[in-house]
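Step one of this worksheet: look at the structure below.
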Amino acid sequence: MRHPPRSGLLLVGAAVALVGTAIAPTVTASGATPACTVEYSVTNQWDAGFQGAVKITNNMASVSSWSLTFDFAQGQKVTQGWNAKWSQSGTSVTAANENWNGSLASGASVSAGFLASWSGSNTAPTGFKLNGTACNVDGEPTPTDPPPTDPPPTGEAPKLHVSGNKLVDAGGATRRMLGVNRSGGEFMCVQGYGIFDGPVDDAAVKAIADWKANTVRIPLNEECWLGLSNIKPEYGGANYIAAVKDLVAKVEAHGMTPLVELHWSYGQYTGNSAGCSDVHATCQKPMPDAQYTPSFWSSVAGTFKDDPAVAFDLFNEPYPDRATSTTTQAWTCWRDGGTCPGISYEVAGMQDLVDAVRGTGAKNLILAGGLAYSNDLSQWLTYKPSDPTGNLVAAYHVYNFNTCASESCWNSTLAPVAAQVPLVAGEIGENTCSHGFVDTVMKWFDDRNLSYLGWTWNTWDCSSGPSLISDYDGTPTSYGIGLRDHLRALNG
């Protein structure tokens, strides 16, 4: 899905100077652990304003809500912020948790940022307090309720593999992938806001399971996973990988299949249907890039190769057909990569990515979407990549506004594919804030015992997202009701 980008809070003009000032937390010489630590930094500063950030680490017992207070001594005024509810009275500033990031376990951290005005000098504040307890100083943690224990796992995620044109589990039982997409990991980090959009704690994952979903597709960003220099360190590399692994573990703990997927990638493309002109991974590109994508998949596969419950989706929505002159050129580019007509960067084809995954020894299930934003599978079988494990699945995306969005097209182009290999509709959706179209999609796929995942488990506008929920507790939108009720009827 070419979802709307998250609105930018950090547009402060071309005159911004990156200053990168960081103030580390202070710990006294005795070596005792402070009850909490706060790292304050100024990341951008210009003539009359600046961008600041705080990273709060709770060393006390777990809390279900938090409030950070500090004083600006030189007239600085907070004008807006994110990842917290910011307010200021005189010199006193308060950052209180949002409804989705209030839980802060012992040893856990949370980051928030803000924009503010200044004049004269911009000395960093001191005297940080978390829920009234002084931070960055020695002291015994303030007693609070004991940290809650995570609920026991409610199931075991199946270890799926291909058998003919079916997905089966380790016991040979036929399975379908039925669930949702959990967007956020593809864009939050590259835009500098965080790692995921909204909560991904156990309660948030349980809410998905309560819809009777059995699969969660997790879109990723290759620059964030690889920790490239344009990504904030707190959101990239090891921190990003750890967050993804944690979400994967939570999904599995609720008996659901985690489907990790490369959504946004490197490579400059300004041709037909370009999503952006940026060389960085800030939008959907027509094909994966040879410079970073094979490395991304080698790393991802190496991370999860010992967990056969994790499935891989190679690339969100290829569209080399918008760049090339002929369909043959497009499908050849899709499979073989290299120098593709109309695409300025060196392309990694689907065969390159299958090879990257299998080169690690990983035998996990692999999905590969076709042309036209994964809406065209007409020659998928002809150009099917070679997989030595025989564990390759055709991926398909369909929305009400796509070209192949009718039963006649599905009968002519999808049915022949589904007769030979498993077929998963990795994204289904509509921009009507209703569910009439996805109801039709689900019936066609149900009749053939095929798989589908709704876009998307995020609280956006259902007409522009489109979004399944209005709250991360699982409250459905009028569009999401269709998928929720259908999954519950199938798996309840």
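If you're wondering about the labels, chains in the structure tokens are A, B, ... by order shown, residues count from 1 in each chain, ligands from 1 in order shown.
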
- Close residues, range 282-286 of chain A itself excluded, 9 Å, only C-alpha atoms, min 2 positions apart in chain, as a PyMOL selection string: chain A and resi 1-2+5+186-187+190-191+221+263-269+273-280+288-289+316-323+343+373

- Item | Spatial neighbours of Pro199 in chain A, max dist 7 Å, only C-alpha atoms, sep filter under 4 positions, as an NGL selection string | :A and (100-101 or 204)

- Query: Would you give me, as an MDAnalysis selection string, the residues in range 265-422 of chain A that DSSP reads as helix (DSSP H, G or I)?
  - Reply: chainID A and resid 293:304 320:322 327:336 350:358 371:374 407:418

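Using only C-alpha atoms, the smallest distance between any of A:Ala425, A:Ala253, A:Ala108, A:Ala309 and Asp446 in chain A comes from A:Ala425.
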
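The coordinates place CA of Asn214 in chain A at 14.6 Å from CA of Leu247 in chain A.
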
- Item | Shell of 8 Å around Thr133 in chain A, only C-alpha atoms, local chain residues under 2 positions omitted, as a PyMOL selection string | chain A and resi 35-36+129-131+135+142

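Note that CA of Met256 in chain A and CA of Met442 in chain A are 19.3 Å apart.
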
Quick one: which range 264-382 of chain A residues come within 9 Å of range 155-167 of chain A, and what is the nearest atom pair for each with the distance in Å to one decimal, counting only C-alpha atoms, rows ordered by chain and ascending number, as a tab-separated table?
residue	atom	partner	partner_atom	distance
A:Asp307	CA	A:Lys159	CA	8.3
A:Pro308	CA	A:Lys159	CA	5.4
A:Ala309	CA	A:Lys159	CA	4.3
A:Val310	CA	A:Lys159	CA	7.7
A:Ala311	CA	A:Leu160	CA	8.0
A:Lys363	CA	A:His161	CA	8.9
A:Asn364	CA	A:His161	CA	7.5
A:Leu365	CA	A:His161	CA	5.9

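When only C-alpha atoms are used to measure the gap to Ile218 in chain A, the shortest distance among A:Ser89, A:Ser344, A:Thr475, A:Thr456 belongs to A:Thr456.
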
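CA of Asp169 in chain A to CA of Arg217 in chain A spans 18.1 Å [interatomic distance, one decimal].
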
- Task: Excluding Glu430 in chain A and residues on its chain fewer than 5 positions from it, collect all residues at most 10 Å away from it, counting only C-alpha atoms, and give them as a PyMOL selection string.
- Result: chain A and resi 398-402+435-438+454-455+462-467+479

- Task: Go through range 22-161 of chain A and collect every residue that DSSP, computed from the backbone, puts in strand (DSSP E); the answer should be as a count of residues only.
- Result: 57

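Residues in contact range of Ile241 in chain A, defined as at most 7 Å between only C-alpha atoms, with sequence neighbours fewer than 4 positions away removed, read A:Trp225, A:Gly237, A:Lys245.
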
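Near Asp387 in chain A, within 12 Å and counting only C-alpha atoms, sit Val162, Met350, Gln351, Asp352, Leu353, Val354, Asp355, Ala356, Val357, Arg358, Gly359, Ala362, Lys363, Asn364, Leu365, Ile366, Leu367, Ala368 and Val393 of chain A, not including residues fewer than 6 positions from it in the same chain.
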
Next, the residues of the selection above should be written as a PDB file, in the first residue's frame with C-alpha atoms.
ATOM      1  CA  VAL A 162       4.884 -25.320   1.005  1.00  0.00           C
ATOM      2  CA  MET A 350      13.783 -11.582  -6.839  1.00  0.00           C
ATOM      3  CA  GLN A 351      16.251 -14.343  -7.637  1.00  0.00           C
ATOM      4  CA  ASP A 352      19.019 -12.302  -5.973  1.00  0.00           C
ATOM      5  CA  LEU A 353      16.908 -11.979  -2.837  1.00  0.00           C
ATOM      6  CA  VAL A 354      15.930 -15.648  -2.717  1.00  0.00           C
ATOM      7  CA  ASP A 355      19.633 -16.456  -3.056  1.00  0.00           C
ATOM      8  CA  ALA A 356      20.500 -14.001  -0.251  1.00  0.00           C
ATOM      9  CA  VAL A 357      18.020 -15.674   2.095  1.00  0.00           C
ATOM     10  CA  ARG A 358      18.958 -19.236   1.212  1.00  0.00           C
ATOM     11  CA  GLY A 359      22.669 -18.412   1.350  1.00  0.00           C
ATOM     12  CA  ALA A 362      17.463 -20.218   6.203  1.00  0.00           C
ATOM     13  CA  LYS A 363      14.625 -22.445   4.992  1.00  0.00           C
ATOM     14  CA  ASN A 364      11.834 -20.085   6.064  1.00  0.00           C
ATOM     15  CA  LEU A 365       8.791 -19.538   3.885  1.00  0.00           C
ATOM     16  CA  ILE A 366       9.370 -16.807   1.231  1.00  0.00           C
ATOM     17  CA  LEU A 367       6.725 -14.639  -0.472  1.00  0.00           C
ATOM     18  CA  ALA A 368       7.340 -12.777  -3.738  1.00  0.00           C
ATOM     19  CA  VAL A 393       4.803 -18.441  -2.339  1.00  0.00           C
TER      20      VAL A 393
END
